[in-house]
file target.cif (mmCIF, C-alpha atoms and all ligand atoms)
data_run
loop_
_atom_site.group_PDB
_atom_site.id
_atom_site.type_symbol
_atom_site.label_atom_id
_atom_site.label_comp_id
_atom_site.auth_asym_id
_atom_site.auth_seq_id
_atom_site.Cartn_x
_atom_site.Cartn_y
_atom_site.Cartn_z
ATOM 1 C CA MET C 1496 0.000 0.000 0.000
ATOM 2 C CA ASP C 1497 2.911 2.336 0.705
ATOM 3 C CA MET C 1498 4.156 1.939 -2.848
ATOM 4 C CA VAL C 1499 0.701 2.645 -4.249
ATOM 5 C CA ASP C 1500 0.373 5.785 -2.114
ATOM 6 C CA PHE C 1501 3.823 6.960 -3.145
ATOM 7 C CA SER C 1502 3.043 6.445 -6.811
ATOM 8 C CA PHE C 1503 -0.267 8.245 -6.526
ATOM 9 C CA PHE C 1504 1.128 11.254 -4.715
ATOM 10 C CA GLY C 1505 4.161 11.276 -6.976
ATOM 11 C CA ILE C 1506 1.883 11.649 -9.994
ATOM 12 C CA VAL C 1507 -0.147 14.365 -8.280
ATOM 13 C CA ALA C 1508 3.055 16.246 -7.421
ATOM 14 C CA ILE C 1509 4.212 16.068 -11.056
ATOM 15 C CA ILE C 1510 0.831 17.308 -12.298
ATOM 16 C CA VAL C 1511 0.895 20.214 -9.831
ATOM 17 C CA ILE C 1512 4.477 21.131 -10.744
ATOM 18 C CA LYS C 1513 3.711 21.000 -14.473
ATOM 19 C CA ASN C 1514 0.467 22.924 -14.236
ATOM 20 C CA THR C 1515 1.383 25.695 -11.806
ATOM 21 C CA PRO C 1516 3.830 27.629 -14.040
ATOM 22 C CA TYR C 1517 1.376 27.311 -16.938
ATOM 23 C CA HIS C 1518 -1.531 28.730 -14.943
ATOM 24 C CA GLN C 1519 0.654 31.544 -13.628
ATOM 25 C CA ARG C 1520 1.651 32.493 -17.171
ATOM 26 C CA VAL C 1521 -1.953 32.429 -18.334
ATOM 27 C CA GLY C 1522 -2.900 34.585 -15.349
ATOM 28 C CA ASP C 1523 -0.203 37.116 -16.229
ATOM 29 C CA LEU C 1524 -1.294 37.289 -19.863
ATOM 30 C CA TRP C 1525 -4.909 37.583 -18.801
ATOM 31 C CA ALA C 1526 -4.124 40.445 -16.413
ATOM 32 C CA LYS C 1527 -2.051 42.282 -19.033
ATOM 33 C CA THR C 1528 -4.779 41.860 -21.635
ATOM 34 C CA ILE C 1529 -7.372 43.380 -19.323
ATOM 35 C CA VAL C 1530 -5.078 46.258 -18.297
ATOM 36 C CA VAL C 1531 -4.072 47.080 -21.880
ATOM 37 C CA GLY C 1532 -7.554 46.596 -23.335
ATOM 38 C CA GLY C 1533 -9.176 48.463 -20.455
ATOM 39 C CA ASP C 1534 -7.209 51.598 -21.269
ATOM 40 C CA SER C 1535 -9.658 53.033 -23.752
ATOM 41 C CA PHE C 1536 -11.917 52.054 -26.599
ATOM 42 C CA VAL C 1537 -13.294 54.353 -29.279
ATOM 43 C CA CYS C 1538 -16.967 53.881 -30.032
ATOM 44 C CA THR C 1539 -17.307 52.991 -33.716
ATOM 45 C CA THR C 1540 -20.567 54.941 -33.980
ATOM 46 C CA CYS C 1541 -20.075 58.225 -32.085
ATOM 47 C CA LYS C 1542 -16.254 58.128 -31.743
ATOM 48 C CA GLU C 1543 -16.540 58.692 -28.002
ATOM 49 C CA VAL C 1544 -13.509 57.384 -26.084
ATOM 50 C CA LEU C 1545 -14.748 54.910 -23.520
ATOM 51 C CA THR C 1546 -13.123 52.886 -20.775
ATOM 52 C CA LEU C 1547 -14.287 49.294 -20.600
ATOM 53 C CA THR C 1548 -14.585 47.293 -17.420
ATOM 54 C CA PRO C 1549 -13.069 43.787 -17.405
ATOM 55 C CA ALA C 1550 -16.617 42.400 -17.261
ATOM 56 C CA GLU C 1551 -17.562 44.264 -20.421
ATOM 57 C CA MET C 1552 -14.444 43.017 -22.175
ATOM 58 C CA LEU C 1553 -15.188 39.444 -21.151
ATOM 59 C CA SER C 1554 -18.759 39.666 -22.442
ATOM 60 C CA LYS C 1555 -17.340 40.667 -25.885
ATOM 61 C CA GLU C 1556 -19.869 43.450 -26.286
ATOM 62 C CA PHE C 1557 -21.111 46.538 -24.480
ATOM 63 C CA VAL C 1558 -23.611 49.344 -24.859
ATOM 64 C CA CYS C 1559 -22.116 52.771 -25.532
ATOM 65 C CA PRO C 1560 -23.388 55.149 -22.814
ATOM 66 C CA VAL C 1561 -23.355 58.062 -25.270
ATOM 67 C CA CYS C 1562 -25.154 56.727 -28.359
ATOM 68 C CA GLN C 1563 -26.656 53.526 -26.845
ATOM 69 C CA THR C 1564 -25.271 51.435 -29.675
ATOM 70 C CA THR C 1565 -24.368 47.835 -28.820
ATOM 71 C CA ILE C 1566 -20.757 47.381 -29.862
ATOM 72 C CA LYS C 1567 -19.095 44.008 -30.341
ATOM 73 C CA ILE C 1568 -15.464 43.948 -29.304
HETATM 74 ZN ZN ZN C 1601 -21.178 55.626 -29.022
#

call {"tool": "encode", "arguments": {"input": "target.cif", "output": "structure tokens"}}
result
Amino acid sequence: MDMVDFSFFGIVAIIVIKNTPYHQRVGDLWAKTIVVGGDSFVCTTCKEVLTLTPAEMLSKEFVCPVCQTTIKI
């Protein structure tokens, strides 16, 4: 049973070690994307410069508060 436990936890440890750096990199990219994209966005209809929230960016569309046009990002 000790060998089975060791093998099981050894595999889990390898999976954790392999996955952690990957998830951290994805998290960094994700954060940078939101920061950069959240800077400003020019409404295609009224040309108003808008700042998008991360939630709006994730939903891939938002309603312009100036002209009420639904804009797809
Ligand atoms: Zn607009």

call {"tool": "residues_near_ligand", "arguments": {"input": "target.cif", "ligand": "ligand ZN 1601 (chain C)", "cutoff": "7 Å", "atoms": "only C-alpha atoms and all ligand atoms", "output": "MDAnalysis selection string"}}
result
chainID C and resid 1538:1543 1559:1564

call {"tool": "atom_distance", "arguments": {"input": "target.cif", "atom1": "atom CA of Ser1554 of chain C", "atom2": "atom CA of Val1537 of chain C"}}
result
17.1 Å

call {"tool": "atom_distance", "arguments": {"input": "target.cif", "atom1": "atom CA of Pro1549 of chain C", "atom2": "atom CA of Thr1565 of chain C"}}
result
16.6 Å

call {"tool": "residues_near_point", "arguments": {"input": "target.cif", "point": "(-14.8, 49.8, -20.3)", "cutoff": "8 Å", "atoms": "all atoms listed in the file", "output": "list of chain:residue names"}}
result
C:Gly1533, C:Asp1534, C:Ser1535, C:Phe1536, C:Leu1545, C:Thr1546, C:Leu1547, C:Thr1548, C:Pro1549, C:Glu1551, C:Met1552

call {"tool": "residues_around", "arguments": {"input": "target.cif", "residues": "Lys1555 of chain C", "least_positions_apart": "6", "cutoff": "9 Å", "atoms": "only C-alpha atoms", "output": "list of chain:residue names"}}
result
C:Ile1566, C:Lys1567, C:Ile1568
